[in-house]
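S.K.: Structure provided below as structure tokens; questions to follow.
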Amino acid sequence: MERTGLIEEAAQIVSNEQAAERLYFIELRSPQIAHAIKPGQFVHMQIPGMPDKILRRPFSVYMADRANGVLTILYQVVGTGTEHLSSLEAGQTCSLIGPVGNTWAPPAGARCLLVAGGVGAAPLFMLAEELAQAAQGLHVVLGAQTKGAHVTLASYEALPNTTLAVATDDGSFGHAGFCTQPAQDAIASGNFDYVAVCGPEPLIKIVAGMAQEAGLPCEVSLERRMACGVGACLSCVVDTTAGKKRCCVDGPIFQAAEVVW
Ligand SMILES: Cc1cc2nc3c(=O)[nH]c(=O)nc-3n(C[C@H](O)[C@H](O)[C@H](O)COP(=O)(O)OP(=O)(O)OC[C@H]3O[C@@H](n4cnc5c(N)ncnc54)[C@H](O)[C@@H]3O)c2cc1C
Ligand code: FES
């Protein structure tokens, strides 16, 4: 179903596999959305078998295999919906609405720094795939709590023309501590013209502040609790210098400088 550019599609689960503690990859056959989705956009998912939970859940798209019509989502189990999602099996069907939201917009030819914390690595991956072909330089900083939680690392390592810095909170791999330090090092190097960041809001806020101090344009992908996901209910507002905006359709990507934290 087409709705103001949005597609509603019954997506069959191809696989739903645990990758680490509380982290899962789900592959969904959703050819129309896979064809249309752009880096940074998300899908709004009706998790089946939860009759008392009518609200959809928003998930960024990590990968889109357009040839086979398959989307991959990386999700963390945080509550009842994601817990139930983790129990679903191949062959079951979820209703998806998408692609929802806007897309990353790095300046053409920019030397790009991407900073991701936790599952924030997912909404940056399709951007990284594009920039690995087009940017003048691409450096990715990935942070996670433990080595085992770096479940997207192999895909980022496989990108051409890309350098990586990895951090773990527990010091089990890469830089010991938050990924804000390698992000700061990269910004201080003066080698970048653009920063994109996604992850927990405290991380986003810190990196956005560093970019602002260095005079670099910075885009952030924000999360809000969402009810309708199509711009109608105002449950997802973000305070900006231009007033209240809706995270679902005006975002989820915002210029860091416009966000009132
Ligand atoms: C645009 C967007 C993209 C997202 N992409 C991903 C993704 O790629 N992978 C992923 O794991 N998660 C992603 N999320 C977060 C995901 O939507 C929530 O974790 C999920 O809806 C929680 O559902 P639940 O029923 O398990 O949690 P609930 O039982 O409803 O709540 C459990 C906990 O999760 C928090 N939570 C619930 N909904 C959200 C939300 N929308 N944003 C932030 N925190 C929330 C609650 O505050 C509470 O602490 C995204 C959110 C947004 C807005
Ligand atoms: S979730 Fe309803 S307006 Fe954004």
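In the structure tokens, each chain is lettered A, B, ... as it comes, each chain's residues begin at 1, and ligands are numbered from 1 in order of appearance.
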Pull the closest atom pair for each residue of segment 115-167 of chain A that gets at most 7 Å from segment 195-216 of chain A, along with the distance in Å to one decimal, counting only C-alpha atoms, ordering rows by chain and then ascending residue number, as JSON lines.

M.R.:
{"residue": "A:Val115", "atom": "CA", "partner": "A:Val197", "partner_atom": "CA", "distance": 4.7}
{"residue": "A:Ala116", "atom": "CA", "partner": "A:Cys198", "partner_atom": "CA", "distance": 5.1}
{"residue": "A:Gly117", "atom": "CA", "partner": "A:Gly199", "partner_atom": "CA", "distance": 4.5}
{"residue": "A:Gly118", "atom": "CA", "partner": "A:Gly199", "partner_atom": "CA", "distance": 6.1}
{"residue": "A:Val119", "atom": "CA", "partner": "A:Gly199", "partner_atom": "CA", "distance": 6.5}
{"residue": "A:Gly120", "atom": "CA", "partner": "A:Gly199", "partner_atom": "CA", "distance": 4.1}

S.K.: Using only C-alpha atoms, determine which residues lie at most 8 Å from Ser86 of chain A, disregarding the query and same-chain residues fewer than 6 positions distant; provide the list as an MDAnalysis selection string.

M.R.: chainID A and resid 16 18 24 77

S.K.: Which of segment 10-227 of chain A counts as alpha helix (DSSP H) under DSSP, as a ChimeraX atom specification please?

M.R.: /A:31-36,80-85,121-134,153-157,180-188,201-213

S.K.: Please dump the current selection as a compact mmCIF listing (two decimals), in the first residue's frame; keep N, CA and C atoms.

M.R.:
# COMPACT_ATOMS: atom_id res chain seq x y z
N PRO A 31 10.52 -6.45 -0.65
CA PRO A 31 11.16 -5.95 -1.87
C PRO A 31 10.89 -4.48 -2.18
N GLN A 32 9.65 -4.03 -1.92
CA GLN A 32 9.37 -2.62 -2.28
C GLN A 32 10.14 -1.66 -1.39
N ILE A 33 10.15 -1.94 -0.09
CA ILE A 33 10.86 -1.04 0.83
C ILE A 33 12.37 -1.17 0.60
N ALA A 34 12.86 -2.39 0.37
CA ALA A 34 14.30 -2.58 0.12
C ALA A 34 14.74 -1.76 -1.10
N HIS A 35 13.85 -1.67 -2.09
CA HIS A 35 14.18 -0.93 -3.30
C HIS A 35 14.21 0.58 -3.02
N ALA A 36 13.31 1.04 -2.13
CA ALA A 36 13.13 2.49 -1.95
C ALA A 36 13.97 3.09 -0.84
N THR A 80 9.30 -5.27 26.06
CA THR A 80 8.37 -6.36 25.69
C THR A 80 8.34 -6.60 24.17
N GLY A 81 8.35 -5.51 23.38
CA GLY A 81 8.24 -5.68 21.93
C GLY A 81 9.46 -6.36 21.35
N THR A 82 10.63 -5.88 21.71
CA THR A 82 11.86 -6.46 21.16
C THR A 82 12.11 -7.86 21.73
N GLU A 83 11.67 -8.10 22.96
CA GLU A 83 11.77 -9.46 23.52
C GLU A 83 10.93 -10.43 22.68
N HIS A 84 9.70 -9.99 22.37
CA HIS A 84 8.83 -10.85 21.56
C HIS A 84 9.39 -11.01 20.15
N LEU A 85 9.92 -9.91 19.60
CA LEU A 85 10.50 -9.98 18.26
C LEU A 85 11.58 -11.06 18.20
N ALA A 121 25.46 1.85 15.16
CA ALA A 121 26.25 1.44 13.98
C ALA A 121 25.34 1.07 12.81
N ALA A 122 24.09 0.69 13.11
CA ALA A 122 23.20 0.22 12.04
C ALA A 122 22.77 1.35 11.10
N PRO A 123 22.19 2.45 11.61
CA PRO A 123 21.72 3.48 10.67
C PRO A 123 22.83 4.22 9.93
N LEU A 124 24.10 3.98 10.33
CA LEU A 124 25.20 4.63 9.62
C LEU A 124 25.80 3.74 8.53
N PHE A 125 25.43 2.44 8.51
CA PHE A 125 26.16 1.54 7.63
C PHE A 125 25.89 1.81 6.14
N MET A 126 24.64 2.04 5.78
CA MET A 126 24.36 2.30 4.35
C MET A 126 25.00 3.61 3.90
N LEU A 127 25.07 4.58 4.83
CA LEU A 127 25.78 5.83 4.51
C LEU A 127 27.26 5.51 4.26
N ALA A 128 27.85 4.68 5.16
CA ALA A 128 29.26 4.32 5.00
C ALA A 128 29.51 3.62 3.66
N GLU A 129 28.56 2.73 3.27
CA GLU A 129 28.72 2.04 1.98
C GLU A 129 28.80 3.05 0.83
N GLU A 130 27.92 4.08 0.89
CA GLU A 130 27.93 5.08 -0.19
C GLU A 130 29.20 5.91 -0.14
N LEU A 131 29.58 6.35 1.08
CA LEU A 131 30.74 7.23 1.20
C LEU A 131 32.04 6.51 0.86
N ALA A 132 32.09 5.20 1.11
CA ALA A 132 33.30 4.43 0.80
C ALA A 132 33.60 4.51 -0.70
N GLN A 133 32.57 4.74 -1.51
CA GLN A 133 32.77 4.88 -2.96
C GLN A 133 33.00 6.33 -3.36
N ALA A 134 32.37 7.27 -2.61
CA ALA A 134 32.29 8.64 -3.11
C ALA A 134 33.11 9.67 -2.34
N LEU A 153 31.19 -5.01 13.11
CA LEU A 153 32.59 -4.68 12.79
C LEU A 153 33.03 -5.28 11.45
N ALA A 154 32.71 -6.57 11.22
CA ALA A 154 33.19 -7.23 10.00
C ALA A 154 32.66 -6.52 8.75
N SER A 155 31.41 -6.03 8.80
CA SER A 155 30.88 -5.35 7.60
C SER A 155 31.58 -4.03 7.38
N TYR A 156 31.86 -3.30 8.46
CA TYR A 156 32.60 -2.05 8.29
C TYR A 156 34.03 -2.33 7.81
N GLU A 157 34.65 -3.39 8.33
CA GLU A 157 36.03 -3.72 7.92
C GLU A 157 36.11 -4.06 6.44
N THR A 180 34.14 8.39 22.53
CA THR A 180 34.29 9.84 22.42
C THR A 180 35.77 10.23 22.25
N GLN A 181 36.69 9.45 22.85
CA GLN A 181 38.12 9.81 22.74
C GLN A 181 38.63 9.65 21.30
N PRO A 182 38.45 8.44 20.67
CA PRO A 182 38.86 8.36 19.26
C PRO A 182 38.12 9.34 18.37
N ALA A 183 36.88 9.68 18.72
CA ALA A 183 36.15 10.68 17.91
C ALA A 183 36.83 12.04 18.06
N GLN A 184 37.20 12.38 19.30
CA GLN A 184 37.88 13.65 19.55
C GLN A 184 39.22 13.70 18.80
N ASP A 185 39.98 12.58 18.85
CA ASP A 185 41.27 12.51 18.15
C ASP A 185 41.07 12.78 16.65
N ALA A 186 40.04 12.16 16.08
CA ALA A 186 39.80 12.31 14.64
C ALA A 186 39.42 13.76 14.32
N ILE A 187 38.56 14.34 15.14
CA ILE A 187 38.15 15.73 14.89
C ILE A 187 39.36 16.66 15.01
N ALA A 188 40.19 16.41 16.04
CA ALA A 188 41.36 17.28 16.28
C ALA A 188 42.40 17.15 15.16
N GLU A 201 21.94 9.07 23.32
CA GLU A 201 21.90 10.54 23.20
C GLU A 201 23.06 11.26 23.90
N PRO A 202 23.54 10.78 25.06
CA PRO A 202 24.70 11.46 25.66
C PRO A 202 25.92 11.46 24.74
N LEU A 203 26.15 10.34 24.05
CA LEU A 203 27.26 10.26 23.09
C LEU A 203 27.05 11.26 21.96
N ILE A 204 25.83 11.28 21.43
CA ILE A 204 25.52 12.17 20.31
C ILE A 204 25.80 13.61 20.71
N LYS A 205 25.34 13.94 21.91
CA LYS A 205 25.47 15.32 22.37
C LYS A 205 26.95 15.72 22.52
N ILE A 206 27.75 14.82 23.06
CA ILE A 206 29.18 15.13 23.25
C ILE A 206 29.88 15.30 21.90
N VAL A 207 29.64 14.37 20.98
CA VAL A 207 30.32 14.45 19.68
C VAL A 207 29.83 15.67 18.91
N ALA A 208 28.54 15.96 19.02
CA ALA A 208 28.01 17.16 18.34
C ALA A 208 28.70 18.42 18.89
N GLY A 209 28.93 18.44 20.19
CA GLY A 209 29.61 19.58 20.80
C GLY A 209 31.04 19.71 20.30
N MET A 210 31.74 18.57 20.18
CA MET A 210 33.12 18.59 19.66
C MET A 210 33.16 19.12 18.22
N ALA A 211 32.21 18.64 17.42
CA ALA A 211 32.17 19.07 16.02
C ALA A 211 31.89 20.56 15.93
N GLN A 212 30.96 21.01 16.76
CA GLN A 212 30.60 22.44 16.74
C GLN A 212 31.82 23.30 17.12
N GLU A 213 32.54 22.84 18.16
CA GLU A 213 33.73 23.59 18.59
C GLU A 213 34.77 23.68 17.48

S.K.: Applying 9 Å and only C-alpha atoms, which residues near segment 223-237 of chain A remain after dropping the ones on its own chain fewer than 5 positions away? List them as a PyMOL selection string.

M.R.: chain A and resi 6+43-44+55-58+97+100-101+199-201+244-250+252

S.K.: Store the residues picked out above in a file with C-alpha atoms, as a compact mmCIF listing (two decimals), in the first residue's frame.

M.R.:
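Wrote out-v3.txt, looks like this:
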# COMPACT_ATOMS: atom_id res chain seq x y z
CA LEU A 6 5.19 5.37 2.34
CA VAL A 43 10.78 1.17 9.05
CA HIS A 44 7.86 1.13 11.45
CA LEU A 55 1.80 0.47 18.46
CA ARG A 56 4.42 -0.19 15.84
CA ARG A 57 8.12 -0.08 16.76
CA PRO A 58 10.65 1.98 14.73
CA ILE A 97 5.68 0.78 6.90
CA VAL A 100 10.11 6.61 6.99
CA GLY A 101 12.08 9.78 7.64
CA GLY A 199 23.92 6.07 19.30
CA PRO A 200 22.93 6.88 22.87
CA GLU A 201 21.90 10.54 23.20
CA LYS A 244 9.29 21.75 17.66
CA LYS A 245 9.91 19.22 14.91
CA ARG A 246 8.69 15.63 14.53
CA CYS A 247 11.46 13.06 14.82
CA CYS A 248 9.61 10.59 12.57
CA VAL A 249 9.07 12.68 9.46
CA ASP A 250 11.18 15.85 9.94
CA PRO A 252 15.31 11.25 12.46

S.K.: With a distance cut-off of 10 Å and only C-alpha atoms, select the neighbouring residues of Gln255 of chain A, excluding the residue or stretch itself and same-chain residues fewer than 4 positions from it, and output the selection as a count of residues only.

M.R.: 12

S.K.: Among segment 124-193 of chain A, which residues does DSSP mark as strand (DSSP E or B) when it is run on the backbone? Keep the chain and numbering as in the structure and answer as a list in words.

M.R.: Gly137, Leu138, His139, Val140, Val141, Leu142, Gly143, Ala144, Thr162, Thr163, Leu164, Ala165, Val166, Ala167, Thr168, His175 and Ala176 of chain A

S.K.: Set the distance at 7 Å and use only C-alpha atoms: which residues neighbour Ala167 of chain A once local chain neighbours fewer than 4 positions away are removed? I'd like the list as a short mmCIF file (atom, residue, chain, number, x, y, z; two decimals) with C-alpha atoms, in the first residue's frame.

M.R.:
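Okay, this is what ended up in selection12.cif:
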data_model
loop_
_atom_site.label_atom_id
_atom_site.label_comp_id
_atom_site.auth_asym_id
_atom_site.auth_seq_id
_atom_site.Cartn_x
_atom_site.Cartn_y
_atom_site.Cartn_z
CA LEU A 142 32.69 2.35 16.47
CA GLY A 143 32.01 2.05 20.19
CA ALA A 144 30.35 -0.81 22.09
CA PHE A 173 39.06 -4.62 22.38
CA GLY A 174 40.48 -1.49 20.80
CA HIS A 175 40.55 1.77 22.73
CA ALA A 176 39.60 1.19 26.37
CA GLY A 177 36.73 3.54 27.23
CA PHE A 178 34.01 5.42 25.41
CA CYS A 179 34.38 6.10 21.71
#

S.K.: To one decimal place in Å, what is the distance between atom CA of Phe192 of chain A and atom 4 (C, counted along the ligand's line) of ligand 1?

M.R.: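 Answer for the atom CA of Phe192 of chain A to atom 4 (C, counted along the ligand's line) of ligand 1 separation: 26.5 Å.
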
S.K.: Rank A:Val70, A:Val238, A:Cys94, A:Leu113 by their smallest atom-to-atom distance to ligand 2, using only C-alpha atoms and all ligand atoms, and report the top residue only.

M.R.: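 Checking each candidate against ligand 2, we get A:Val238 as the closest.
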
S.K.: Fewer than 6 positions away in the same chain doesn't count, so skip those; otherwise give me all residues within 10 Å of Pro107 of chain A, counting only C-alpha atoms, as a PyMOL selection string.

M.R.: chain A and resi 135+193-194+217

S.K.: Identify which of the residues A:Glu258, A:Asp65, A:Leu114, A:Gly148 lies closest to Thr168 of chain A, counting only C-alpha atoms when measuring atom-to-atom distances.

M.R.: A:Gly148

S.K.: State, in Å with one decimal place, the distance from atom CA of Leu23 of chain A to atom CA of Leu74 of chain A.

M.R.: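 The value is 7.1 Å.
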
S.K.: Could you check how far atom CA of Asp169 of chain A sits from atom CA of Val140 of chain A, in Å to one decimal?

M.R.: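 Distance reported for this atom pair: 17.0 Å.
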
S.K.: Using only C-alpha atoms, which of A:Ala257, A:Leu88, A:Ala158, A:Ala11 sits nearest Met50 of chain A?

M.R.: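 Of A:Ala257, A:Leu88, A:Ala158, A:Ala11, the one nearest Met50 of chain A is A:Leu88, counting only C-alpha atoms.
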